[in-house]
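A short write-up of the structure that comes next.
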Amino acid sequence: MFYYLTPFIVDDAQAQQIFSRWLSNPSMAKNLDIKAEIKSFKKILFPVYRFVRMVDGQEELFIRPARGTLIQGMQDLVIHPGTMKIFDSTVDIGDTLRLDPEITMDSYLPNLSGEGVEQSLVYVPLYEIEYTFDDENWHAVIDGSSGAVHASTYPMRSSLPFGIVFIIGFMAGLVGLILGIYVHWILYGFIPVGIAGAWIMANSIISKDDIARAEG
């Protein structure tokens with residue numbers, strides 16, 4: 001088995017900018033980027049197994065974590081062979097924390113397709129982040145090579161305001177349909193009014209969130 005590592009391409013400042021942009025994603029909880037408190041921001045070398053297998057006459061690559069993790073996406077890490085460097089005792093990793101494997105390679109072999117061509121242990125560069133929001137602890141990692149953010153769970157924006165807007169618009173449209181059928185056709189006008197009102201209210205909610213972010 002070969003031992004490799006891939007270097008950090010994303011530096012500390014870039015990683016912090018990436019994380020800030022991720023926190024401000026529209027799908028995140030309101031004001032997450034403002035209220036989130038970072039507890040730790042660590043550089044680590046995380047061990048993964050890299051299997052090259054011959055499957056149906058073609059080489060396929062499989063990545064598996066070499067230690068337990070709750071972070072999704074660890075099996076989807078992109079490891080370019082051209083970036084891998086041989087890892088031995090002469091390599092200086094500075095203040096980066098190197099995590100040791102906890103899972104043996106043999107535990108994965110029975111479930112892999114094809115025949116083995118090459119197998120190696122690769123230390124991949126990650127930024128491990130712990131942060132709090134609304135008195136809860138959350139975790140995420142940033143791929144130090146690609147800048148991709150991985151998290152198993154994260155604070156999500158509540159859909160309640162948008163659900164209320166949808167119900168209001170739907171009810172207004174339904175009232176317009178009923179009145180148009182049983183009273184007068186001109187009352188069909190409630191249908192586009194309901195849709196337009198829902199649209200305006202939804203935009204108002206979004207605008208208020210944007211203003212709150214700007215003020216924060």
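Chains: A, B, ... in order of the structure tokens. Residues: from 1 per chain. Ligands: from 1, in order shown.
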>> Would you pick out the contacts of region 16-19 of chain A at 10 Å or less, using only C-alpha atoms, so that residues sharing its chain but fewer than 5 positions from it are not included, and give the list as JSON, numbers by chain?
In response: {"A": [10, 11, 24, 33, 41, 127, 129, 140, 141, 142, 147, 148, 149]}
Kindly save the residues from that selection, with N, CA and C atoms included, as a PDB file, in the first residue's frame.
ATOM      1  N   VAL A  10      -6.321  25.811  -0.965  1.00  0.00           N
ATOM      2  CA  VAL A  10      -7.124  26.895  -0.373  1.00  0.00           C
ATOM      3  C   VAL A  10      -6.460  27.314   0.934  1.00  0.00           C
ATOM      4  N   ASP A  11      -6.072  28.585   1.041  1.00  0.00           N
ATOM      5  CA  ASP A  11      -5.419  29.034   2.268  1.00  0.00           C
ATOM      6  C   ASP A  11      -6.455  29.425   3.322  1.00  0.00           C
ATOM      7  N   SER A  24     -24.330  32.339   4.221  1.00  0.00           N
ATOM      8  CA  SER A  24     -25.316  33.300   3.712  1.00  0.00           C
ATOM      9  C   SER A  24     -26.149  32.738   2.571  1.00  0.00           C
ATOM     10  N   ASP A  33     -25.537  33.807   8.870  1.00  0.00           N
ATOM     11  CA  ASP A  33     -24.219  34.384   8.642  1.00  0.00           C
ATOM     12  C   ASP A  33     -23.880  35.466   9.654  1.00  0.00           C
ATOM     13  N   PHE A  41     -11.736  26.444  14.098  1.00  0.00           N
ATOM     14  CA  PHE A  41     -11.484  26.445  12.650  1.00  0.00           C
ATOM     15  C   PHE A  41     -10.099  25.819  12.472  1.00  0.00           C
ATOM     16  N   TYR A 127     -10.485  21.776   6.248  1.00  0.00           N
ATOM     17  CA  TYR A 127     -10.709  22.714   7.338  1.00  0.00           C
ATOM     18  C   TYR A 127     -11.917  22.201   8.114  1.00  0.00           C
ATOM     19  N   ILE A 129     -14.620  22.728  10.898  1.00  0.00           N
ATOM     20  CA  ILE A 129     -15.232  23.907  11.517  1.00  0.00           C
ATOM     21  C   ILE A 129     -16.325  23.482  12.493  1.00  0.00           C
ATOM     22  N   ALA A 140     -19.001  21.455  10.042  1.00  0.00           N
ATOM     23  CA  ALA A 140     -18.846  21.457   8.588  1.00  0.00           C
ATOM     24  C   ALA A 140     -17.367  21.313   8.276  1.00  0.00           C
ATOM     25  N   VAL A 141     -17.068  20.895   7.059  1.00  0.00           N
ATOM     26  CA  VAL A 141     -15.672  20.841   6.621  1.00  0.00           C
ATOM     27  C   VAL A 141     -15.561  21.490   5.248  1.00  0.00           C
ATOM     28  N   ILE A 142     -14.408  22.056   4.983  1.00  0.00           N
ATOM     29  CA  ILE A 142     -14.102  22.626   3.670  1.00  0.00           C
ATOM     30  C   ILE A 142     -12.950  21.831   3.080  1.00  0.00           C
ATOM     31  N   GLY A 147     -12.166  23.562  -2.245  1.00  0.00           N
ATOM     32  CA  GLY A 147     -12.995  24.606  -1.650  1.00  0.00           C
ATOM     33  C   GLY A 147     -14.436  24.187  -1.437  1.00  0.00           C
ATOM     34  N   ALA A 148     -14.785  22.928  -1.734  1.00  0.00           N
ATOM     35  CA  ALA A 148     -16.158  22.448  -1.544  1.00  0.00           C
ATOM     36  C   ALA A 148     -16.463  22.336  -0.053  1.00  0.00           C
ATOM     37  N   VAL A 149     -17.707  22.688   0.312  1.00  0.00           N
ATOM     38  CA  VAL A 149     -18.152  22.618   1.703  1.00  0.00           C
ATOM     39  C   VAL A 149     -19.012  21.375   1.874  1.00  0.00           C
TER      40      VAL A 149
END
> Among region 21-97 of chain A, which residues carry a DSSP assignment of strand (DSSP E), reported as a PyMOL selection string?
Replying inline: chain A and resi 37-55+58-65+85-86+97
Could you make a table, as a Markdown table, of the residues of region 12-81 of chain A that have an atom within 6 Å of an atom of region 89-100 of chain A, each with its nearest atom pair and distance in Å to one decimal, counting only C-alpha atoms, in chain and number order?
| residue | atom | partner | partner_atom | distance |
| --- | --- | --- | --- | --- |
| A:Lys43 | CA | A:Thr96 | CA | 5.2 |
| A:Ile44 | CA | A:Leu97 | CA | 4.6 |
| A:Leu45 | CA | A:Arg98 | CA | 4.7 |
| A:Phe46 | CA | A:Leu99 | CA | 5.6 |
>> Would you compute the distance between CA of Tyr108 (chain A) and CA of Ala151 (chain A)? Give it in Å to one decimal.
In response: 23.2 Å
>> Show me, as a PyMOL selection string, the residues that have an atom within 9 Å of Ile103 (chain A) when counting only C-alpha atoms, minus same-chain residues fewer than 2 positions from it.
In response: chain A and resi 65-68+101+105-108
Please produce an output containing C-alpha atoms for each residue in the selection, written as a PDB file, in the first residue's frame.
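selection.pdb written:
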ATOM      1  CA  PRO A  65     -13.008   7.232   4.699  1.00  0.00           C
ATOM      2  CA  ALA A  66     -10.340   5.604   6.859  1.00  0.00           C
ATOM      3  CA  ARG A  67     -11.955   6.793  10.077  1.00  0.00           C
ATOM      4  CA  GLY A  68     -15.480   7.452  11.277  1.00  0.00           C
ATOM      5  CA  PRO A 101      -6.916   5.772  10.437  1.00  0.00           C
ATOM      6  CA  MET A 105      -8.660  -1.220   4.478  1.00  0.00           C
ATOM      7  CA  ASP A 106      -9.733  -4.883   4.620  1.00  0.00           C
ATOM      8  CA  SER A 107     -13.189  -3.874   5.850  1.00  0.00           C
ATOM      9  CA  TYR A 108     -13.946  -2.273   2.458  1.00  0.00           C
TER      10      TYR A 108
END
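Note that the spacing between CA of Asn137 (chain A) and CA of Thr69 (chain A) amounts to 15.8 Å.
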>> Would you pick out the contacts of Leu32 (chain A) at 8 Å or less, using only C-alpha atoms, so that residues sharing its chain but fewer than 5 positions from it are not included, and give the list as a PyMOL selection string?
In response: chain A and resi 23-24+133+155
